[in-house]
There are 2 protein chains.
Amino acid sequence: MLVAYTIQEVRDWRKSHKHADAVLGFVPTMGALHAGHGALIERARRECDLVVVSIFVNPIQFNQLEDYQRYPRTLEADLAFCDQRGVDLVFAPSEQEMYPEPLDTYVEVQRLTTHLCGAFRPGHFRGVATVVTKLFNIVQPDRAYFGEKDAQQLAVIQRMVRDLNFPIEIVPVATVREPDGLAMSSRNQYLTPEERAIAPILYQGLQAALELARSGERSAKALVARARQVIEQEPAVRIEYLEVVDAQHMQPVEHIMAPVRVAVAAWLGKARLIDNVFFDPAEKSGPES
Amino acid sequence: MLVAYTIQEVRDWRKSHKHADAVLGFVPTMGALHAGHGALIERARRECDLVVVSIFVNPIQFNQLEDYQRYPRTLEADLAFCDQRGVDLVFAPSEQEMYPEPLDTYVEVQRLTTHLCGAFRPGHFRGVATVVTKLFNIVQPDRAYFGEKDAQQLAVIQRMVRDLNFPIEIVPVATVREPDGLAMSSRNQYLTPEERAIAPILYQGLQAALELARSGERSAKALVARARQVIEQEPAVRIEYLEVVDAQHMQPVEHIMAPVRVAVAAWLGKARLIDNVFFDPAEKSGPES
């Protein structure tokens with residue numbers, strides 16, 4: 001496995017691996033790799049000839065300096081993690097390498113960013129879309145893998161790729177969960193043992209809403225009320241948002257007629273956790289998958 | 001010469017021409033091709049293995065519907081023009097092909113767009129940066145050729161490529177002029193014969209400012225006054241802006257200490273004309289080139 005710290009190293013490597021038919025799969029990450037990233041990497045490894053992982057804690061997508069500064073950085077463990085999974089190249093640039101001077105250029109995705117995290121983290125998705133564009137232009141992948149845990153990010157990147165005609169297929173990968181249902185996240189390590197025990201309540205709330213939807217309920221308000229009822233059993237959890245949005249444009253819906261996501265962000269101590277479930281009203285009701 | 005009307009045709013052609021060492025040169029245009037475009041194409045033909053020209057009147061960079069509607073469209077003549085110059089592929093998409101649905105994603109270049117045309121044509125450079133990003137992602141060139149007549153556009157694209165790490169070299173090409181000095185432009189055809197006779201006064205004004213700079217003057221105000229003095233001899237010309245800006249960031253300067261452009265936009269009847277000259281204070285004074 002090669003580790004590249006500069007853009008030029010990636011370009012040189014890419015040039016020497018540009019066979020006409022070799023498919024390159026790319027997994028952009030901020031490091032602190034866990035089983036969720038593992039699922040992205042393993043999927044890319046199965047589907048592609050070459051696999052590139054980037055590890056870069058991107059300052060321009062943090063809207064709080066404190067959050068940026070304390071974000072976990074575990075490069076050595078991350079490199080071993082990638083090596084074990086057969087990654088071909090890890091790109092781990094410095095901030096100076098990615099932003100040698102203040103940017104004048106940004107990629108903005110409108111509409112899809114007006115709700116959920118977009119409403120509470122101003123500038124976040126502009127930072128995400130911009131750094132992903134930079135990484136796409138550096139790595140030049142054929143496919144890129146994004147987790148459904150960050151559903152709004154996934155929708156934003158899918159939209160950006162379609163609007164700007166990037167020659168890249170975006171592959172969504174299902175959220176990986178702890179045995180008790182908590183979605184894997186690098187930020188879970190901010191939880192105290194007490195908070196960690198409480199945290200699965202988020203997914204339980206979402207599951208309750210999903211069951212209600214599967215039983216035929218189509219009112220978004222009713223689903224939100226159901227999820228709230230469950231989550232608010234734990235007074236330590238402060239809900240930031242809890243919304244039903246259409247799965248493509250991330251806009252709130254009242255009545256569910258097309259695929260949606262029920263999405264939640266909540267604070268538990270110093271950790272801000274997000275999670276979501278997908279529901280397609282056209283799906284056949286039956287045993288939960 | 002192949003003419004492609006769809007994105008898929010370009011992608012298929014590109015795939016079948018992806019030799020590791022073949023250099024692809026790209027000339028994006030809005031058609032109504034003239035000798036200025038000819039210089040871009042001929043330069044690309046000399047320097048590259050493959051040459052692609054795009055012809056697309058991009059609606060999102062026009063800030064006046066009328067200007068968009070009356071913009072000259074001469075596809076048949078343009079195709080012959082390209083064919084004569086040995087172009088390999090012309091990409092001439094419809095508006096529907098480029099914008100099948102309203103865009104949610106835009107590329108914004110800040111700072112460089114606050115003055116000159118950016119100040120008078122709100123949204124123009126956002127439309128330019130966005131369509132050029134789309135075209136870059138469709139054509140995937142190694143080099144792209146832009147005329148210095150549109151100096152701010154050139155600076156914006158250079159900045160965008162640097163900020164977003166496009167793997168593309170931007171090649172500036174000197175302005176091509178009529179024998180009397182008027183910069184070639186598709187919009188020159190809006191001029192009546194009387195206006196056409198007057199139009200070279202713009203370049204004469206810029207040349208007068210340039211001579212003053214070469215004689216040692218470093219005050220931007222003095223250069224602007226000199227150019228104005230010349231241009232205002234023709235009362236039919238309405239100056240929109242006349243500014244001295246630094247050549248890289250397009251910001252106004254007072255005292256010239258680094259390379260600048262003296263840039264003008266002016267209305268003559270129904271035509272809005274732009275032009276500019278470059279001056280580097282480090283250049284040796286001597287006979288004009």
# chains A, B, ... in the order shown; residues from 1 in each chain; ligands from 1
$ select_by_dssp --residues "region 40-185 of chain B" --states "strand (DSSP E)" --output "list in words"
Leu50, Val51, Val52, Val53, Ser54, Ile55, Leu89, Val90, Phe91, Thr105, Tyr106, Val107, Glu108, Val109, Arg143, Ala144, Tyr145, Phe146, Gly147, Glu169, Ile170, Val171, Pro172 and Val173 of chain B
$ calpha_fit_and_write --fixed "chain A" --moving "chain B" --output "short mmCIF file (atom, residue, chain, number, x, y, z; two decimals) with C-alpha atoms, in the first residue's frame"
data_model
loop_
_atom_site.label_atom_id
_atom_site.label_comp_id
_atom_site.auth_asym_id
_atom_site.auth_seq_id
_atom_site.Cartn_x
_atom_site.Cartn_y
_atom_site.Cartn_z
CA MET B 1 0.01 0.00 0.00
CA LEU B 2 1.33 3.40 -1.02
CA VAL B 3 0.81 6.43 1.23
CA ALA B 4 0.82 9.76 -0.62
CA TYR B 5 1.05 13.03 1.24
CA THR B 6 1.10 15.32 -1.80
CA ILE B 7 -1.22 15.91 -4.73
CA GLN B 8 1.65 15.38 -7.15
CA GLU B 9 2.32 11.89 -5.78
CA VAL B 10 -1.32 10.96 -6.37
CA ARG B 11 -1.23 12.38 -9.91
CA ASP B 12 1.96 10.45 -10.69
CA TRP B 13 0.51 7.23 -9.28
CA ARG B 14 -2.74 7.78 -11.16
CA LYS B 15 -0.91 8.31 -14.43
CA SER B 16 1.04 5.10 -14.08
CA HIS B 17 -2.20 3.19 -13.29
CA LYS B 18 -4.36 4.54 -16.10
CA HIS B 19 -5.19 1.35 -17.99
CA ALA B 20 -8.23 1.89 -20.15
CA ASP B 21 -10.29 -0.71 -18.31
CA ALA B 22 -9.03 -0.42 -14.72
CA VAL B 23 -11.87 0.80 -12.50
CA LEU B 24 -10.80 3.04 -9.63
CA GLY B 25 -12.92 3.12 -6.47
CA PHE B 26 -12.54 6.01 -4.04
CA VAL B 27 -13.48 6.31 -0.37
CA PRO B 28 -13.08 9.86 0.97
CA THR B 29 -12.83 9.96 4.79
CA MET B 30 -11.81 12.20 7.67
CA GLY B 31 -9.96 9.31 9.29
CA ALA B 32 -10.67 7.84 12.74
CA LEU B 33 -11.73 4.84 10.71
CA HIS B 34 -14.32 2.40 12.07
CA ALA B 35 -16.42 -0.48 10.76
CA GLY B 36 -18.61 1.98 8.84
CA HIS B 37 -15.62 3.09 6.77
CA GLY B 38 -14.62 -0.57 6.63
CA ALA B 39 -17.87 -1.39 4.83
CA LEU B 40 -17.15 1.34 2.25
CA ILE B 41 -13.61 0.13 1.66
CA GLU B 42 -14.58 -3.54 1.47
CA ARG B 43 -17.33 -2.76 -1.03
CA ALA B 44 -14.90 -0.74 -3.15
CA ARG B 45 -12.33 -3.56 -2.93
CA ARG B 46 -14.89 -6.08 -4.21
CA GLU B 47 -16.09 -3.88 -7.09
CA CYS B 48 -12.96 -2.11 -8.33
CA ASP B 49 -9.48 -2.85 -9.66
CA LEU B 50 -7.89 -0.05 -7.65
CA VAL B 51 -8.95 1.39 -4.30
CA VAL B 52 -7.95 4.81 -3.01
CA VAL B 53 -8.84 6.11 0.47
CA SER B 54 -8.32 9.74 1.42
CA ILE B 55 -7.82 10.77 5.03
CA PHE B 56 -8.23 14.49 5.53
CA VAL B 57 -9.93 16.40 8.35
CA ASN B 58 -11.32 19.17 6.16
CA PRO B 59 -11.28 22.48 8.04
CA ILE B 60 -13.72 24.29 5.73
CA GLN B 61 -16.61 21.94 6.54
CA PHE B 62 -16.42 22.57 10.29
CA ASN B 63 -18.49 25.50 11.44
CA GLN B 64 -17.04 25.41 14.95
CA LEU B 65 -13.30 25.69 15.48
CA GLU B 66 -13.56 23.60 18.66
CA ASP B 67 -15.20 20.74 16.79
CA TYR B 68 -12.41 20.86 14.20
CA GLN B 69 -9.65 20.94 16.77
CA ARG B 70 -10.88 18.06 18.87
CA TYR B 71 -11.88 15.86 15.93
CA PRO B 72 -10.06 12.52 16.45
CA ARG B 73 -6.85 12.04 14.44
CA THR B 74 -5.52 8.48 14.40
CA LEU B 75 -3.41 8.30 11.24
CA GLU B 76 -1.22 5.33 12.19
CA ALA B 77 -4.17 3.15 13.14
CA ASP B 78 -6.01 4.33 10.01
CA LEU B 79 -3.13 3.33 7.74
CA ALA B 80 -3.02 -0.14 9.31
CA PHE B 81 -6.81 -0.37 8.91
CA CYS B 82 -6.52 0.43 5.18
CA ASP B 83 -3.56 -1.85 4.66
CA GLN B 84 -5.43 -4.80 6.18
CA ARG B 85 -8.29 -4.21 3.75
CA GLY B 86 -6.13 -4.21 0.63
CA VAL B 87 -6.25 -0.51 -0.16
CA ASP B 88 -3.85 0.44 -2.97
CA LEU B 89 -3.25 4.08 -2.12
CA VAL B 90 -3.98 6.27 0.90
CA PHE B 91 -3.93 10.01 0.26
CA ALA B 92 -3.28 11.82 3.56
CA PRO B 93 -2.54 15.46 2.72
CA SER B 94 -1.78 18.24 5.16
CA GLU B 95 -4.03 21.26 5.44
CA GLN B 96 -1.26 23.26 3.72
CA GLU B 97 -1.25 20.82 0.81
CA MET B 98 -5.00 21.09 0.27
CA TYR B 99 -5.31 24.81 1.03
CA PRO B 100 -1.95 26.47 0.24
CA GLU B 101 -3.77 29.82 0.14
CA PRO B 102 -7.27 30.97 1.04
CA LEU B 103 -9.80 29.64 -1.46
CA ASP B 104 -11.68 31.96 -3.81
CA THR B 105 -13.68 29.14 -5.38
CA TYR B 106 -16.50 27.17 -3.78
CA VAL B 107 -19.01 24.61 -4.97
CA GLU B 108 -22.47 25.40 -3.64
CA VAL B 109 -25.39 22.97 -3.67
CA GLN B 110 -28.63 24.82 -3.02
CA ARG B 111 -32.10 23.51 -2.06
CA LEU B 112 -30.85 20.13 -0.73
CA THR B 113 -28.95 22.01 1.97
CA THR B 114 -31.75 24.18 3.36
CA HIS B 115 -32.93 21.67 6.00
CA LEU B 116 -31.52 19.11 8.46
CA CYS B 117 -27.78 19.59 9.05
CA GLY B 118 -27.67 22.30 6.37
CA ALA B 119 -29.90 24.52 8.52
CA PHE B 120 -27.87 24.00 11.69
CA ARG B 121 -24.35 23.95 10.27
CA PRO B 122 -24.03 27.00 7.98
CA GLY B 123 -21.31 26.52 5.36
CA HIS B 124 -20.89 22.84 6.18
CA PHE B 125 -22.12 21.42 2.89
CA ARG B 126 -20.34 24.11 0.88
CA GLY B 127 -17.15 22.88 2.55
CA VAL B 128 -18.05 19.26 1.82
CA ALA B 129 -18.97 19.86 -1.84
CA THR B 130 -15.80 21.91 -2.38
CA VAL B 131 -13.37 19.42 -0.82
CA VAL B 132 -15.03 16.47 -2.54
CA THR B 133 -14.68 18.29 -5.88
CA LYS B 134 -10.98 18.85 -5.13
CA LEU B 135 -10.50 15.20 -4.15
CA PHE B 136 -12.40 13.99 -7.24
CA ASN B 137 -10.12 16.14 -9.43
CA ILE B 138 -7.01 14.83 -7.69
CA VAL B 139 -7.92 11.13 -7.51
CA GLN B 140 -10.07 10.95 -10.70
CA PRO B 141 -12.06 7.93 -9.58
CA ASP B 142 -14.63 5.99 -11.59
CA ARG B 143 -16.70 5.23 -8.49
CA ALA B 144 -16.92 6.88 -5.09
CA TYR B 145 -18.44 5.33 -1.97
CA PHE B 146 -20.47 7.26 0.60
CA GLY B 147 -22.30 6.02 3.69
CA GLU B 148 -26.06 6.42 4.13
CA LYS B 149 -25.54 7.50 7.73
CA ASP B 150 -24.71 10.92 6.31
CA ALA B 151 -27.81 10.87 4.13
CA GLN B 152 -27.87 14.57 3.36
CA GLN B 153 -24.19 14.52 2.42
CA LEU B 154 -24.89 11.57 0.12
CA ALA B 155 -27.79 13.41 -1.53
CA VAL B 156 -25.70 16.58 -1.92
CA ILE B 157 -22.84 14.69 -3.58
CA GLN B 158 -25.20 12.76 -5.86
CA ARG B 159 -26.80 16.02 -6.90
CA MET B 160 -23.45 17.73 -7.44
CA VAL B 161 -22.18 14.88 -9.60
CA ARG B 162 -25.34 14.99 -11.72
CA ASP B 163 -25.45 18.80 -12.05
CA LEU B 164 -21.75 19.17 -12.85
CA ASN B 165 -21.43 15.99 -14.99
CA PHE B 166 -18.59 14.41 -13.01
CA PRO B 167 -17.75 11.12 -14.80
CA ILE B 168 -18.15 9.29 -11.49
CA GLU B 169 -20.70 6.83 -10.14
CA ILE B 170 -21.71 7.51 -6.54
CA VAL B 171 -22.31 4.28 -4.62
CA PRO B 172 -24.38 4.53 -1.42
CA VAL B 173 -23.52 2.05 1.33
CA ALA B 174 -25.90 1.09 4.15
CA THR B 175 -25.22 2.41 7.66
CA VAL B 176 -23.20 0.04 9.84
CA ARG B 177 -24.52 -0.23 13.40
CA GLU B 178 -23.28 -1.45 16.77
CA PRO B 179 -25.11 -4.56 18.01
CA ASP B 180 -27.45 -2.32 20.04
CA GLY B 181 -28.34 -0.25 16.95
CA LEU B 182 -26.19 2.85 17.45
CA ALA B 183 -24.90 4.06 14.07
CA MET B 184 -21.10 3.85 13.81
CA SER B 185 -19.52 7.31 13.98
CA SER B 186 -16.11 8.76 14.74
CA ARG B 187 -17.89 11.07 17.16
CA ASN B 188 -19.24 8.19 19.28
CA GLN B 189 -15.92 8.23 21.14
CA TYR B 190 -16.97 11.56 22.72
CA LEU B 191 -19.67 9.69 24.67
CA THR B 192 -19.20 8.83 28.35
CA PRO B 193 -20.11 5.22 29.26
CA GLU B 194 -23.46 6.47 30.60
CA GLU B 195 -24.19 8.41 27.41
CA ARG B 196 -23.08 5.46 25.28
CA ALA B 197 -25.67 3.31 27.04
CA ILE B 198 -28.40 5.84 26.25
CA ALA B 199 -27.37 6.60 22.64
CA PRO B 200 -29.22 3.72 20.92
CA ILE B 201 -32.50 5.47 21.80
CA LEU B 202 -32.08 7.55 18.62
CA TYR B 203 -32.26 4.52 16.38
CA GLN B 204 -35.07 3.05 18.49
CA GLY B 205 -37.06 6.24 17.89
CA LEU B 206 -36.42 6.07 14.14
CA GLN B 207 -37.35 2.38 14.09
CA ALA B 208 -40.63 3.16 15.87
CA ALA B 209 -41.43 5.76 13.20
CA LEU B 210 -40.51 3.28 10.47
CA GLU B 211 -42.80 0.61 11.92
CA LEU B 212 -45.64 3.12 12.00
CA ALA B 213 -44.97 4.00 8.34
CA ARG B 214 -44.90 0.32 7.40
CA SER B 215 -48.21 -0.17 9.13
CA GLY B 216 -49.72 2.37 6.72
CA GLU B 217 -49.29 5.77 8.40
CA ARG B 218 -48.45 8.45 5.80
CA SER B 219 -48.50 11.60 7.91
CA ALA B 220 -45.01 12.95 8.54
CA LYS B 221 -46.25 14.69 11.68
CA ALA B 222 -47.43 11.36 13.12
CA LEU B 223 -44.07 9.70 12.38
CA VAL B 224 -42.15 12.52 13.98
CA ALA B 225 -44.40 12.43 17.05
CA ARG B 226 -43.87 8.69 17.39
CA ALA B 227 -40.05 8.99 17.18
CA ARG B 228 -40.05 11.91 19.60
CA GLN B 229 -42.16 9.96 22.06
CA VAL B 230 -39.51 7.23 22.15
CA ILE B 231 -36.42 9.47 22.17
CA GLU B 232 -37.75 11.87 24.79
CA GLN B 233 -37.89 9.03 27.29
CA GLU B 234 -34.23 9.88 27.76
CA PRO B 235 -34.04 13.42 29.13
CA ALA B 236 -30.27 13.58 28.53
CA VAL B 237 -30.89 13.63 24.77
CA ARG B 238 -31.47 17.10 23.24
CA ILE B 239 -33.02 16.80 19.80
CA GLU B 240 -31.66 19.35 17.31
CA TYR B 241 -33.93 18.30 14.45
CA LEU B 242 -36.23 15.39 13.70
CA GLU B 243 -37.77 15.60 10.24
CA VAL B 244 -39.27 13.59 7.42
CA VAL B 245 -37.75 14.70 4.11
CA ASP B 246 -37.98 13.44 0.55
CA ALA B 247 -35.01 11.17 -0.09
CA GLN B 248 -33.80 12.97 -3.22
CA HIS B 249 -34.04 16.68 -2.44
CA MET B 250 -34.05 16.61 1.35
CA GLN B 251 -37.14 18.83 1.55
CA PRO B 252 -39.72 18.35 4.32
CA VAL B 253 -42.88 16.48 3.32
CA GLU B 254 -46.26 16.47 5.04
CA HIS B 255 -47.77 13.43 3.42
CA ILE B 256 -45.54 10.56 2.31
CA MET B 257 -46.05 9.71 -1.36
CA ALA B 258 -42.47 9.05 -2.48
CA PRO B 259 -39.32 7.68 -0.80
CA VAL B 260 -38.37 9.60 2.35
CA ARG B 261 -35.83 9.64 5.10
CA VAL B 262 -36.73 10.15 8.73
CA ALA B 263 -33.66 11.99 9.99
CA VAL B 264 -32.53 13.07 13.42
CA ALA B 265 -29.68 15.05 14.94
CA ALA B 266 -29.34 15.15 18.69
CA TRP B 267 -26.85 16.19 21.34
CA LEU B 268 -25.83 13.80 24.05
CA GLY B 269 -23.30 15.47 26.31
CA LYS B 270 -20.55 16.80 24.05
CA ALA B 271 -21.42 14.57 21.12
CA ARG B 272 -23.69 15.59 18.27
CA LEU B 273 -25.09 12.41 16.76
CA ILE B 274 -27.02 11.97 13.52
CA ASP B 275 -28.97 9.03 12.16
CA ASN B 276 -31.74 8.29 9.67
CA VAL B 277 -33.91 5.56 8.21
CA PHE B 278 -35.24 5.22 4.68
CA PHE B 279 -38.86 4.47 3.82
CA ASP B 280 -40.37 3.88 0.40
CA PRO B 281 -44.20 3.93 0.47
CA ALA B 282 -44.18 1.65 -2.60
CA GLU B 283 -42.37 -1.11 -0.69
CA LYS B 284 -44.35 -4.23 0.07
CA SER B 285 -45.09 -4.49 3.77
CA GLY B 286 -43.67 -7.59 5.34
CA PRO B 287 -41.02 -8.67 7.82
CA GLU B 288 -38.46 -5.95 8.53
CA SER B 289 -35.19 -6.29 6.74
#
$ select_by_dssp --residues "region 8-107 of chain B" --states "alpha helix (DSSP H)" --output "ChimeraX atom specification"
/B:8-16,35-47,65-70,75-84,95-98
